[in-house]
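Enquirer: Here you go, this is my_file_30.pdb (PDB, C-alpha atoms).
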```pdb
ATOM      1  CA  MET A 178      -0.390 -31.510  27.118
ATOM      2  CA  ALA A 179       0.415 -28.698  24.673
ATOM      3  CA  ALA A 180       3.895 -28.560  23.239
ATOM      4  CA  LYS A 181       6.085 -25.776  24.569
ATOM      5  CA  LEU A 182       6.690 -22.987  22.046
ATOM      6  CA  THR A 183      10.200 -22.539  20.741
ATOM      7  CA  LYS A 184      11.854 -19.184  21.367
ATOM      8  CA  ALA A 185      11.623 -18.408  17.647
ATOM      9  CA  GLU A 186       7.896 -19.205  17.535
ATOM     10  CA  GLN A 187       7.266 -17.157  20.664
ATOM     11  CA  THR A 188       9.155 -14.218  19.123
ATOM     12  CA  ARG A 189       7.187 -14.552  15.860
ATOM     13  CA  ARG A 190       3.874 -14.596  17.736
ATOM     14  CA  THR A 191       4.821 -11.581  19.838
ATOM     15  CA  ARG A 192       5.843  -9.672  16.722
ATOM     16  CA  GLN A 193       2.589 -10.553  14.970
ATOM     17  CA  ALA A 194       0.490  -9.556  17.992
ATOM     18  CA  ILE A 195       2.254  -6.185  18.154
ATOM     19  CA  LEU A 196       1.692  -5.609  14.436
ATOM     20  CA  GLU A 197      -2.003  -6.493  14.622
ATOM     21  CA  ARG A 198      -2.632  -4.257  17.617
ATOM     22  CA  ALA A 199      -0.591  -1.378  16.224
ATOM     23  CA  ARG A 200      -2.277  -1.653  12.836
ATOM     24  CA  TYR A 201      -5.705  -1.397  14.434
ATOM     25  CA  LEU A 202      -4.667   1.660  16.452
ATOM     26  CA  PHE A 203      -2.855   3.419  13.593
ATOM     27  CA  ALA A 204      -5.824   2.807  11.280
ATOM     28  CA  THR A 205      -8.430   4.023  13.766
ATOM     29  CA  LYS A 206      -6.624   6.717  15.769
ATOM     30  CA  GLY A 207      -3.676   7.633  13.589
ATOM     31  CA  TYR A 208       0.057   7.503  14.247
ATOM     32  CA  ALA A 209       0.322  10.685  16.322
ATOM     33  CA  ALA A 210      -2.533   9.738  18.678
ATOM     34  CA  THR A 211      -1.208   6.228  19.327
ATOM     35  CA  GLY A 212       1.294   5.690  22.128
ATOM     36  CA  THR A 213       3.543   2.681  22.608
ATOM     37  CA  GLU A 214       1.911   1.988  25.979
ATOM     38  CA  GLU A 215      -1.446   1.679  24.232
ATOM     39  CA  ILE A 216       0.021  -0.781  21.733
ATOM     40  CA  ILE A 217       1.361  -3.115  24.416
ATOM     41  CA  SER A 218      -1.218  -2.663  27.207
ATOM     42  CA  GLU A 219      -3.682  -5.273  25.938
ATOM     43  CA  LEU A 220      -0.967  -7.695  24.845
ATOM     44  CA  GLY A 221       0.539  -8.341  28.240
ATOM     45  CA  ILE A 222       4.072  -7.601  27.051
ATOM     46  CA  THR A 223       6.665  -5.104  28.202
ATOM     47  CA  ARG A 224       7.853  -2.014  26.408
ATOM     48  CA  GLY A 225      11.218  -3.806  26.230
ATOM     49  CA  ALA A 226       9.621  -6.602  24.173
ATOM     50  CA  LEU A 227       8.236  -4.016  21.758
ATOM     51  CA  TYR A 228      11.612  -2.299  21.451
ATOM     52  CA  HIS A 229      13.361  -5.635  21.028
ATOM     53  CA  GLN A 230      11.119  -6.377  18.044
ATOM     54  CA  PHE A 231      10.945  -2.936  16.436
ATOM     55  CA  LYS A 232      13.405  -0.530  18.117
ATOM     56  CA  ASP A 233      10.797   2.245  18.414
ATOM     57  CA  LYS A 234       7.262   3.354  17.501
ATOM     58  CA  ILE A 235       8.290   4.448  14.014
ATOM     59  CA  GLY A 236       9.732   0.958  13.477
ATOM     60  CA  VAL A 237       6.370  -0.583  14.348
ATOM     61  CA  PHE A 238       4.626   1.859  12.022
ATOM     62  CA  ARG A 239       7.058   1.121   9.179
ATOM     63  CA  ALA A 240       6.408  -2.623   9.558
ATOM     64  CA  VAL A 241       2.634  -2.030   9.490
ATOM     65  CA  ILE A 242       2.953   0.090   6.345
ATOM     66  CA  ILE A 243       5.138  -2.516   4.615
ATOM     67  CA  GLU A 244       2.408  -5.103   5.266
ATOM     68  CA  ALA A 245      -0.298  -2.708   4.042
ATOM     69  CA  TYR A 246       1.595  -1.950   0.815
ATOM     70  CA  GLY A 247       2.012  -5.695   0.311
ATOM     71  CA  GLU A 248      -1.759  -6.073   0.554
ATOM     72  CA  VAL A 249      -2.259  -3.314  -2.009
ATOM     73  CA  THR A 250       0.152  -5.022  -4.412
ATOM     74  CA  GLY A 251      -1.566  -8.368  -3.770
ATOM     75  CA  HIS A 252      -4.958  -6.809  -4.560
ATOM     76  CA  ILE A 253      -3.639  -5.403  -7.836
ATOM     77  CA  GLN A 254      -2.043  -8.733  -8.809
ATOM     78  CA  ALA A 255      -5.313 -10.564  -8.124
ATOM     79  CA  GLU A 256      -7.235  -8.101 -10.285
ATOM     80  CA  ILE A 257      -4.859  -8.255 -13.285
ATOM     81  CA  ARG A 258      -4.198 -12.018 -13.152
ATOM     82  CA  PRO A 259      -7.102 -12.959 -15.492
ATOM     83  CA  PHE A 260      -5.760 -10.720 -18.285
ATOM     84  CA  ASP A 261      -3.031 -11.737 -20.743
ATOM     85  CA  ASN A 262      -3.003  -8.403 -22.550
ATOM     86  CA  TYR A 263      -0.604  -5.921 -20.895
ATOM     87  CA  TRP A 264      -2.723  -2.943 -21.911
ATOM     88  CA  HIS A 265      -5.628  -4.443 -19.960
ATOM     89  CA  GLN A 266      -3.344  -5.303 -17.049
ATOM     90  CA  LEU A 267      -2.135  -1.708 -16.962
ATOM     91  CA  SER A 268      -5.635  -0.256 -17.073
ATOM     92  CA  ILE A 269      -7.166  -2.725 -14.593
ATOM     93  CA  GLY A 270      -4.163  -2.431 -12.257
ATOM     94  CA  CYS A 271      -4.476   1.351 -12.117
ATOM     95  CA  GLN A 272      -8.210   1.076 -11.383
ATOM     96  CA  ALA A 273      -7.532  -1.503  -8.642
ATOM     97  CA  PHE A 274      -4.980   0.792  -6.991
ATOM     98  CA  LEU A 275      -7.490   3.625  -6.884
ATOM     99  CA  GLU A 276     -10.148   1.332  -5.384
ATOM    100  CA  VAL A 277      -7.901   0.748  -2.366
ATOM    101  CA  ALA A 278      -8.236   4.451  -1.548
ATOM    102  CA  GLN A 279     -11.826   3.778  -0.464
ATOM    103  CA  GLN A 280     -11.105   0.647   1.583
ATOM    104  CA  GLU A 281     -11.364   2.085   5.081
ATOM    105  CA  GLU A 282      -8.340   0.628   6.905
ATOM    106  CA  LEU A 283      -5.897   0.655   3.973
ATOM    107  CA  ARG A 284      -7.038   4.099   2.917
ATOM    108  CA  ARG A 285      -6.023   5.680   6.208
ATOM    109  CA  LEU A 286      -2.786   3.705   6.583
ATOM    110  CA  VAL A 287      -1.461   4.039   3.016
ATOM    111  CA  PHE A 288      -2.805   7.366   1.799
ATOM    112  CA  ILE A 289      -3.176   9.489   4.934
ATOM    113  CA  GLU A 290      -0.883   8.270   7.733
ATOM    114  CA  ALA A 291       2.096   6.926   5.738
ATOM    115  CA  PRO A 292       2.762  10.142   3.749
ATOM    116  CA  ALA A 293       2.424  12.193   6.943
ATOM    117  CA  VAL A 294       4.885  10.063   8.932
ATOM    118  CA  LEU A 295       7.440   8.537   6.560
ATOM    119  CA  ALA A 296       9.875  10.314   4.242
ATOM    120  CA  VAL A 297       9.135  10.346   0.505
ATOM    121  CA  ASP A 298      12.206   8.250  -0.354
ATOM    122  CA  GLU A 299      11.267   5.670   2.289
ATOM    123  CA  LEU A 300       7.744   5.389   0.873
ATOM    124  CA  ALA A 301       9.169   4.998  -2.627
ATOM    125  CA  GLU A 302      11.351   2.143  -1.374
ATOM    126  CA  ILE A 303       8.388   0.449   0.326
ATOM    127  CA  ASP A 304       6.356   0.859  -2.878
ATOM    128  CA  GLN A 305       9.004  -0.732  -5.129
ATOM    129  CA  PRO A 306       7.038  -3.979  -5.703
ATOM    130  CA  GLY A 307       3.905  -2.046  -6.696
ATOM    131  CA  PHE A 308       5.816   0.403  -8.846
ATOM    132  CA  GLY A 309       7.629  -2.559 -10.414
ATOM    133  CA  LEU A 310       4.288  -4.021 -11.553
ATOM    134  CA  LEU A 311       3.306  -0.705 -13.108
ATOM    135  CA  ARG A 312       6.670  -0.196 -14.801
ATOM    136  CA  GLU A 313       6.697  -3.745 -16.197
ATOM    137  CA  ALA A 314       3.173  -3.430 -17.603
ATOM    138  CA  ILE A 315       4.093  -0.128 -19.273
ATOM    139  CA  GLN A 316       7.383  -1.438 -20.677
ATOM    140  CA  ILE A 317       5.735  -4.532 -22.150
ATOM    141  CA  ALA A 318       2.746  -2.571 -23.488
ATOM    142  CA  VAL A 319       5.223  -0.229 -25.225
ATOM    143  CA  ALA A 320       7.300  -3.140 -26.571
ATOM    144  CA  GLU A 321       4.152  -4.838 -27.909
ATOM    145  CA  GLY A 322       2.988  -1.623 -29.595
ATOM    146  CA  GLN A 323      -0.051  -1.164 -27.354
ATOM    147  CA  LEU A 324       1.219   2.015 -25.719
ATOM    148  CA  ASN A 325       2.888   4.975 -27.389
ATOM    149  CA  THR A 326       5.197   7.149 -25.291
ATOM    150  CA  ILE A 327       8.587   8.784 -25.770
ATOM    151  CA  ASP A 328      10.027   7.025 -22.708
ATOM    152  CA  ALA A 329       8.539   4.015 -20.894
ATOM    153  CA  GLU A 330      10.431   4.625 -17.624
ATOM    154  CA  GLY A 331       9.436   8.295 -17.511
ATOM    155  CA  PHE A 332       5.843   7.430 -18.352
ATOM    156  CA  ALA A 333       5.795   4.894 -15.499
ATOM    157  CA  HIS A 334       6.825   7.671 -13.089
ATOM    158  CA  LEU A 335       4.201  10.008 -14.575
ATOM    159  CA  VAL A 336       1.415   7.445 -14.144
ATOM    160  CA  ASN A 337       2.647   6.468 -10.665
ATOM    161  CA  GLY A 338       2.682  10.087  -9.510
ATOM    162  CA  SER A 339      -0.774  10.658 -10.963
ATOM    163  CA  LEU A 340      -2.121   7.527  -9.297
ATOM    164  CA  ASN A 341      -0.684   8.473  -5.905
ATOM    165  CA  ALA A 342      -2.086  12.008  -6.096
ATOM    166  CA  LEU A 343      -5.511  10.797  -7.250
ATOM    167  CA  ALA A 344      -5.620   8.079  -4.582
ATOM    168  CA  ALA A 345      -4.782  10.641  -1.869
ATOM    169  CA  TRP A 346      -7.595  12.831  -3.174
ATOM    170  CA  VAL A 347     -10.045   9.894  -3.196
ATOM    171  CA  ALA A 348      -8.950   8.806   0.294
ATOM    172  CA  GLN A 349      -9.904  12.153   1.821
ATOM    173  CA  SER A 350     -13.603  11.638   1.157
ATOM    174  CA  ASP A 351     -16.241   8.928   1.415
ATOM    175  CA  ASP A 352     -17.814  10.249  -1.780
ATOM    176  CA  SER A 353     -17.878   7.414  -4.336
ATOM    177  CA  ALA A 354     -18.081  10.026  -7.091
ATOM    178  CA  ARG A 355     -14.438  10.912  -6.383
ATOM    179  CA  LEU A 356     -13.365   7.342  -7.050
ATOM    180  CA  LYS A 357     -15.376   7.267 -10.261
ATOM    181  CA  THR A 358     -13.835  10.573 -11.372
ATOM    182  CA  ALA A 359     -10.303   9.424 -10.496
ATOM    183  CA  LYS A 360     -10.779   6.192 -12.456
ATOM    184  CA  HIS A 361     -12.035   8.164 -15.439
ATOM    185  CA  LEU A 362      -9.091  10.570 -15.267
ATOM    186  CA  VAL A 363      -6.459   7.830 -15.191
ATOM    187  CA  GLU A 364      -8.249   5.953 -17.984
ATOM    188  CA  THR A 365      -8.206   9.147 -20.062
ATOM    189  CA  LEU A 366      -4.464   9.566 -19.418
ATOM    190  CA  LEU A 367      -3.729   5.998 -20.506
ATOM    191  CA  THR A 368      -6.067   6.062 -23.514
ATOM    192  CA  GLN A 369      -4.332   9.178 -24.866
ATOM    193  CA  HIS A 370      -1.190   7.041 -25.203
ATOM    194  CA  GLN A 371      -2.824   3.874 -26.482
ATOM    195  CA  SER A 372      -1.484   2.786 -29.868
TER     196      SER A 372
END
```
Render the structure in this file as structure tokens.

Expert:
Amino acid sequence: MAAKLTKAEQTRRTRQAILERARYLFATKGYAATGTEEIISELGITRGALYHQFKDKIGVFRAVIIEAYGEVTGHIQAEIRPFDNYWHQLSIGCQAFLEVAQQEELRRLVFIEAPAVLAVDELAEIDQPGFGLLREAIQIAVAEGQLNTIDAEGFAHLVNGSLNALAAWVAQSDDSARLKTAKHLVETLLTQHQS
């Protein structure tokens, strides 16, 4: 006989099921074309259960985007882990971020839907872990004399803005040449400041 689920475990499973279903719908149909009824219809839960977990549709979307940004940061961390040199971490990390813009599900969620639905300051808050990696790599590369810039914090914002704009550009096409061009452009930007 299977053990009865605790209330906390049942709540966790319901939340996870909602997130998985919503993520699929947001990534395939988009935020605007996805209704809350469609999110819950296949899960066998009530609209009240959805609202208990997330308050509203935008709350579900925000939770999906937070998970997606976490995956992007995880991808970057995995790519830079083998490198001890912060210059290489910076360069490889930027390339890894741009690669995400051609990964079908993440591309739509992070670079197309999220900027269209969430406010700029909210996206910046969600992106703090990723931006923190970038800022740290730049600060250490500057401190170690590998990167020459008049202000490490300002340069981190410059690179971050460039990366976000390039990734959005890459995400709007399946053309692999765009990704190659974007990688080359960001590498050129970084190399111009290499000590």

Enquirer: Would you please work out which residue, of A:Gln272, A:Ala226, A:Thr213, A:Phe231, is nearest to Gln187 (chain A) when using all atoms listed in the file?

Expert: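 Nearest candidate to Gln187 (chain A) out of A:Gln272, A:Ala226, A:Thr213, A:Phe231: A:Ala226.
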
Enquirer: Taking only residues of region 198-274 of chain A that have an atom at most 12 Å from an atom of region 330-345 of chain A, what is each one's shortest atom pair and its distance in Å to one decimal, using only C-alpha atoms, in chain and number order, as a Markdown table?

Expert:
```
| residue | atom | partner | partner_atom | distance |
| --- | --- | --- | --- | --- |
| A:Leu267 | CA | A:Val336 | CA | 10.2 |
| A:Ser268 | CA | A:Val336 | CA | 10.8 |
| A:Gly270 | CA | A:Leu340 | CA | 10.6 |
| A:Cys271 | CA | A:Leu340 | CA | 7.2 |
| A:Gln272 | CA | A:Leu340 | CA | 9.1 |
| A:Ala273 | CA | A:Leu340 | CA | 10.5 |
| A:Phe274 | CA | A:Leu340 | CA | 7.7 |
```

Enquirer: Nearest to Ile317 (chain A): which of A:Val297, A:Ala329, A:Ala185, A:Val241 is it, counting all atoms listed in the file?

Expert: A:Ala329

Enquirer: Mind telling me what the PyMOL selection byres ((chain A and resi 188-202) around 10) catches here, as a ChimeraX atom specification?

Expert: /A:182-187,203-208,210-213,215-222,226-227,229-231,234,237-238,240-242,244-245,282-283,286

Enquirer: In Å, with one decimal, what is the gap from CA of Glu276 (chain A) to CA of Val319 (chain A)?

Expert: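 Computed distance, CA of Glu276 (chain A) to CA of Val319 (chain A), equals 25.1 Å.
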
Enquirer: CA of His361 (chain A) and CA of Ala301 (chain A), how far apart in Å?

Expert: 25.0 Å

Enquirer: When you draw a straight line from CA of Gln323 (chain A) to CA of Val363 (chain A), how long is it in Å?

Expert: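 Pair CA of Gln323 (chain A) / CA of Val363 (chain A) returns 16.4 Å.
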
Enquirer: Neighbours of Tyr263 (chain A) within 6 Å (all atoms listed in the file; same-chain residues fewer than 2 positions away dropped), as a VMD selection string?

Expert: chain A and resid 265 to 267 314 318

Enquirer: With all atoms listed in the file as the counted atoms, please give the residues lying no more than 9 Å from Leu310 (chain A), apart from itself and same-chain residues fewer than 5 positions off, as an NGL selection string.

Expert: :A and (250 or 253-254 or 267 or 270 or 305 or 315)

Enquirer: Keeping only C-alpha atoms, take the residues you just selected and write them out as a PDB file, in the frame of the given file.

Expert:
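Ended up saving to selection17.pdb:
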```pdb
ATOM      1  CA  THR A 250       0.152  -5.022  -4.412  1.00  0.00           C
ATOM      2  CA  ILE A 253      -3.639  -5.403  -7.836  1.00  0.00           C
ATOM      3  CA  GLN A 254      -2.043  -8.733  -8.809  1.00  0.00           C
ATOM      4  CA  LEU A 267      -2.135  -1.708 -16.962  1.00  0.00           C
ATOM      5  CA  GLY A 270      -4.163  -2.431 -12.257  1.00  0.00           C
ATOM      6  CA  GLN A 305       9.004  -0.732  -5.129  1.00  0.00           C
ATOM      7  CA  ILE A 315       4.093  -0.128 -19.273  1.00  0.00           C
TER       8      ILE A 315
END
```

Enquirer: In terms of the shortest atom-to-atom distance over all atoms listed in the file, which of A:Asp233, A:Gln279, A:Gln371, A:Gly309 is closest to Gly322 (chain A)?

Expert: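 Of all the options, A:Gln371 lies closest to Gly322 (chain A).
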
Enquirer: Looking at only C-alpha atoms, which of A:Ile289, A:Ile257, A:Ile269, A:Leu295 is the one that sits closest to Ile243 (chain A)?

Expert: A:Leu295

Enquirer: Could you write region 307-322 of chain A of the block just shown to a file containing N, CA and C atoms, as a compact mmCIF listing (two decimals), in the first residue's frame?

Expert:
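Saved result, part_3.txt, follows:
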```
# COMPACT_ATOMS: atom_id res chain seq x y z
N GLY A 307 22.82 35.72 -12.87
CA GLY A 307 23.58 35.70 -14.12
C GLY A 307 24.44 36.95 -14.26
N PHE A 308 23.84 38.10 -13.97
CA PHE A 308 24.62 39.34 -14.04
C PHE A 308 25.74 39.31 -13.01
N GLY A 309 25.49 38.72 -11.86
CA GLY A 309 26.52 38.61 -10.82
C GLY A 309 27.73 37.82 -11.31
N LEU A 310 27.51 36.74 -12.06
CA LEU A 310 28.62 35.98 -12.64
C LEU A 310 29.44 36.84 -13.58
N LEU A 311 28.75 37.57 -14.44
CA LEU A 311 29.42 38.45 -15.40
C LEU A 311 30.22 39.52 -14.68
N ARG A 312 29.58 40.19 -13.74
CA ARG A 312 30.25 41.27 -13.00
C ARG A 312 31.48 40.75 -12.27
N GLU A 313 31.35 39.60 -11.62
CA GLU A 313 32.48 39.04 -10.87
C GLU A 313 33.65 38.70 -11.80
N ALA A 314 33.34 38.09 -12.94
CA ALA A 314 34.41 37.74 -13.89
C ALA A 314 35.11 39.00 -14.39
N ILE A 315 34.36 40.05 -14.66
CA ILE A 315 34.96 41.31 -15.12
C ILE A 315 35.79 41.94 -14.01
N GLN A 316 35.26 42.01 -12.80
CA GLN A 316 36.00 42.62 -11.70
C GLN A 316 37.32 41.89 -11.43
N ILE A 317 37.28 40.57 -11.45
CA ILE A 317 38.51 39.81 -11.18
C ILE A 317 39.48 39.92 -12.36
N ALA A 318 38.97 39.88 -13.59
CA ALA A 318 39.84 40.04 -14.76
C ALA A 318 40.52 41.41 -14.73
N VAL A 319 39.82 42.45 -14.29
CA VAL A 319 40.41 43.78 -14.16
C VAL A 319 41.46 43.78 -13.05
N ALA A 320 41.11 43.21 -11.90
CA ALA A 320 42.04 43.17 -10.76
C ALA A 320 43.31 42.39 -11.09
N GLU A 321 43.19 41.35 -11.91
CA GLU A 321 44.34 40.53 -12.28
C GLU A 321 45.09 41.09 -13.50
N GLY A 322 44.65 42.23 -14.01
CA GLY A 322 45.33 42.86 -15.13
C GLY A 322 45.06 42.22 -16.48
```
